[in-house]
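Structure record follows, encoded as structure tokens.
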Protein chains: 2
Amino acid sequence: MLSPVRFDDGALKLLDQTRLPAEERWLECRTAEDVADAIRRLAVRGAPAIGLAAAYGLALGVRAGDGGAPLERFERAAALLGSTRPTAVNLQWAIARARKVAESRADEGTEVTADALLELAERLVGEQREADRRIGELGAAWEEGRLSQVWVGETRPLLQGSRLTAWELGRAGIPFRLVTDASAGTLMARGLVDRVVVGADRIAANGDVANKIGTYPIAVLAARHGVPFYVAAPRSTIDPDTPTGAEIAIEERDPREVTRVGGSAVAPAGAAAVNFAFDVTPAELVTAIVTEAGVLRPPYETSIAEAFRA
Amino acid sequence: MLSPVRFDDGALKLLDQTRLPAEERWLECRTAEDVADAIRRLAVRGAPAIGLAAAYGLALGVRAGDGGAPLERFERAAALLGSTRPTAVNLQWAIARARKVAESRADEGTEVTADALLELAERLVGEQREADRRIGELGAAWEEGRLSQVWVGETRPLLQGSRLTAWELGRAGIPFRLVTDASAGTLMARGLVDRVVVGADRIAANGDVANKIGTYPIAVLAARHGVPFYVAAPRSTIDPDTPTGAEIAIEERDPREVTRVGGSAVAPAGAAAVNFAFDVTPAELVTAIVTEAGVLRPPYETSIAEAFRA
């Protein structure tokens, strides 16, 4: 699988998710501001990739930031990057890990601190790759079924399902069919869905899951139809400091993402819209959470606490 | 409220729903073929309006159709128009009413039959207007609440919510906010929805409701959150000859409605999609059905049978 985040020649290269599938274009980020901008406008997609991009952004911020001691540069970049997306916890997790590195090396100067942060970012990429592999393995071992076809919700308003998941599945050679987000109920009622797998932007200590808007309705439908509902996410997505889903900040994005499609207005001029980017699925609807640290099962208070003790 | 279906100067004029809200353009239909084409490509929207357009289409078919006796002309037009949309029962209902008129006047010649069909179509428009008024009255009497704001689902793939419902509410001066179809769960979980009102394309004798795809998930969510779920529809939408929702034919439309938006591809080239146009909401999730013949409540087998005896 192509990694959408890589670093070379002193710049972070991001596969611009807003241009897919029409164009495979790599964005070059040379400053923390570049990275923050890319995260904010969704050129980077998915909580784990956002965390990785932020880690590189911190290294760039210390190296290229305006004046000050290494830790001042670090905190300026951290404040900027940390404010880009409120829901994705991997962002805060990456910043916390980077802060420890920065604090331990700051005495050695800006260059050494920046190098150490870059090294950390590279290590996090490796860890993420290993976590993805383990999640895939554990998920497969858990299910032991064969994947005959994936139903992909188009994922309005920004159509990440149509544009990105479809593109990724196509590259991986996995058969899929696109449907509108409103089709999940009918697919389940017709017996066409064996299991649901979703990602997560943040998982609370009790197992409540914040993920892309539309996840919660699918979980409710899955429960009604007796379809298992799995969350596949790296452990860094779990935030033991967030007790329940009620405490997760939900990002509200520009309403024009709803009233315009691909640059053209689809609603009458002046029409008001509300654009919640995420919703919260209560733990009671989640069959299991598949992480690289193991498959967590209810009661999640216990299994999540154990995963963090390990 | 502006009627989207009117007849003058020997032609049926349809407010082209595919052009709204950008353009208020009236289509002119002078033949049954014109009308069938308009229905098929959704220039006419909503089961009742489709029924009215078909009634005019039958009159045009008898008047302008190629040769043959009046009843032959009628049946040719009926076969054409009846095949345009499989789910909307008002279409079959309008054809059945028109057939009675055609059969009773056919002996008097083509011109007389066509005039009688035109007169029937005008009568159906009047009946529909009266039914709409009664449904509004009964719906309001039933709820006695004040409408402070309507949440409008954008209704992918063809965005009838963003393009049409929003436009209609705007003209009627009713405050509204647009959301993506996947947002209904979050709105209910946040306590922002007091009641749900949907239309119907066909209601079975047991109260199962076929309506635009996405209705069923909203009904499941409403039940979970204790939000009343109302269906507002003229009695002509109820088909006592369809025992349950399982017998309702569900139209599958062109997958390109999902993979393209406004003429541009949003999915990778060759991506497969499935485009069910409707879903079925089981009667158990329906709080009441508001018709011009009264507010029907469970058990629907009984209340629907009574509404047809009246």
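Letters for chains follow the order of the structure tokens (A, B, ...), residue numbers begin at 1 for each chain, and ligand numbers begin at 1 in the order shown.
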Skip B:Ala273 itself and residues of its chain fewer than 4 positions away, then list as a ChimeraX atom specification all residues within 7 Å of it, counting only C-alpha atoms. /A:177-179 /B:255,258-259
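When the distance limit is 10 Å and only C-alpha atoms are what count, the residues near B:Thr155, minus those fewer than 6 positions from it on the same chain, are Thr180, Asp181 and Ala182 of chain A; Gly161, Ser162, Arg163, Leu164, Thr165, Leu178, Val179, Thr180, Asp181, Ala182, Lys212, Ile213, Gly214 and Thr215 of chain B.
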Show me, as a list of chain:residue names, the residues that have an atom within 12 Å of B:Lys100 when counting only C-alpha atoms, minus same-chain residues fewer than 5 positions from it.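 Here the qualifying residues turn out to be B:Leu71, B:Phe74, B:Glu75, B:Trp93, B:Ala94, B:Ile95, B:Arg105, B:Ala106, B:Thr113, B:Ala116, B:Leu117, B:Leu120.
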What residues in stretch 52-177 of chain A get the DSSP label strand (DSSP E or B)? Please answer as a ChimeraX atom specification. /A:150-153,176-177
Set the cut-off to 9 Å and count only C-alpha atoms: what are the residues of chain A that reach chain B? Output as an MDAnalysis selection string. chainID A and resid 20:22 151:152 154:157 159 161:164 166:167 170 175:186 189 213:218 220:221 224 255 258:259 261:262 264:269 271:280
Pick out each residue of stretch 97-165 of chain A that DSSP on the backbone tags as alpha helix (DSSP H); I need them as a ChimeraX atom specification. /A:97-105,110-143,160
Please provide as a PyMOL selection string all residues within 12 Å of A:Leu12, with the sequence filter that same-chain residues fewer than 5 positions apart are discarded (counting only C-alpha atoms). chain A and resi 4-7+26-36+38+44+52-61+118+121-122
Can you tell me, as a list of chain:residue names, what residues are no more than 10 Å from B:Arg40 when counting only C-alpha atoms, ignoring any on the same chain fewer than 4 positions away?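 So, after excluding close chain neighbours, the residues are B:Val35, B:Ala36, B:Val44, B:Arg45, B:Ile50, B:Leu81, B:Ser83, B:Thr84, B:Arg85, B:Arg253.
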Contacts of B:Ala232 within 12 Å, only C-alpha atoms, excl. fewer than 2 positions in-chain, as a PyMOL selection string: chain B and resi 47-48+131-140+142+196-203+209+211+229-230+234-238+286-296
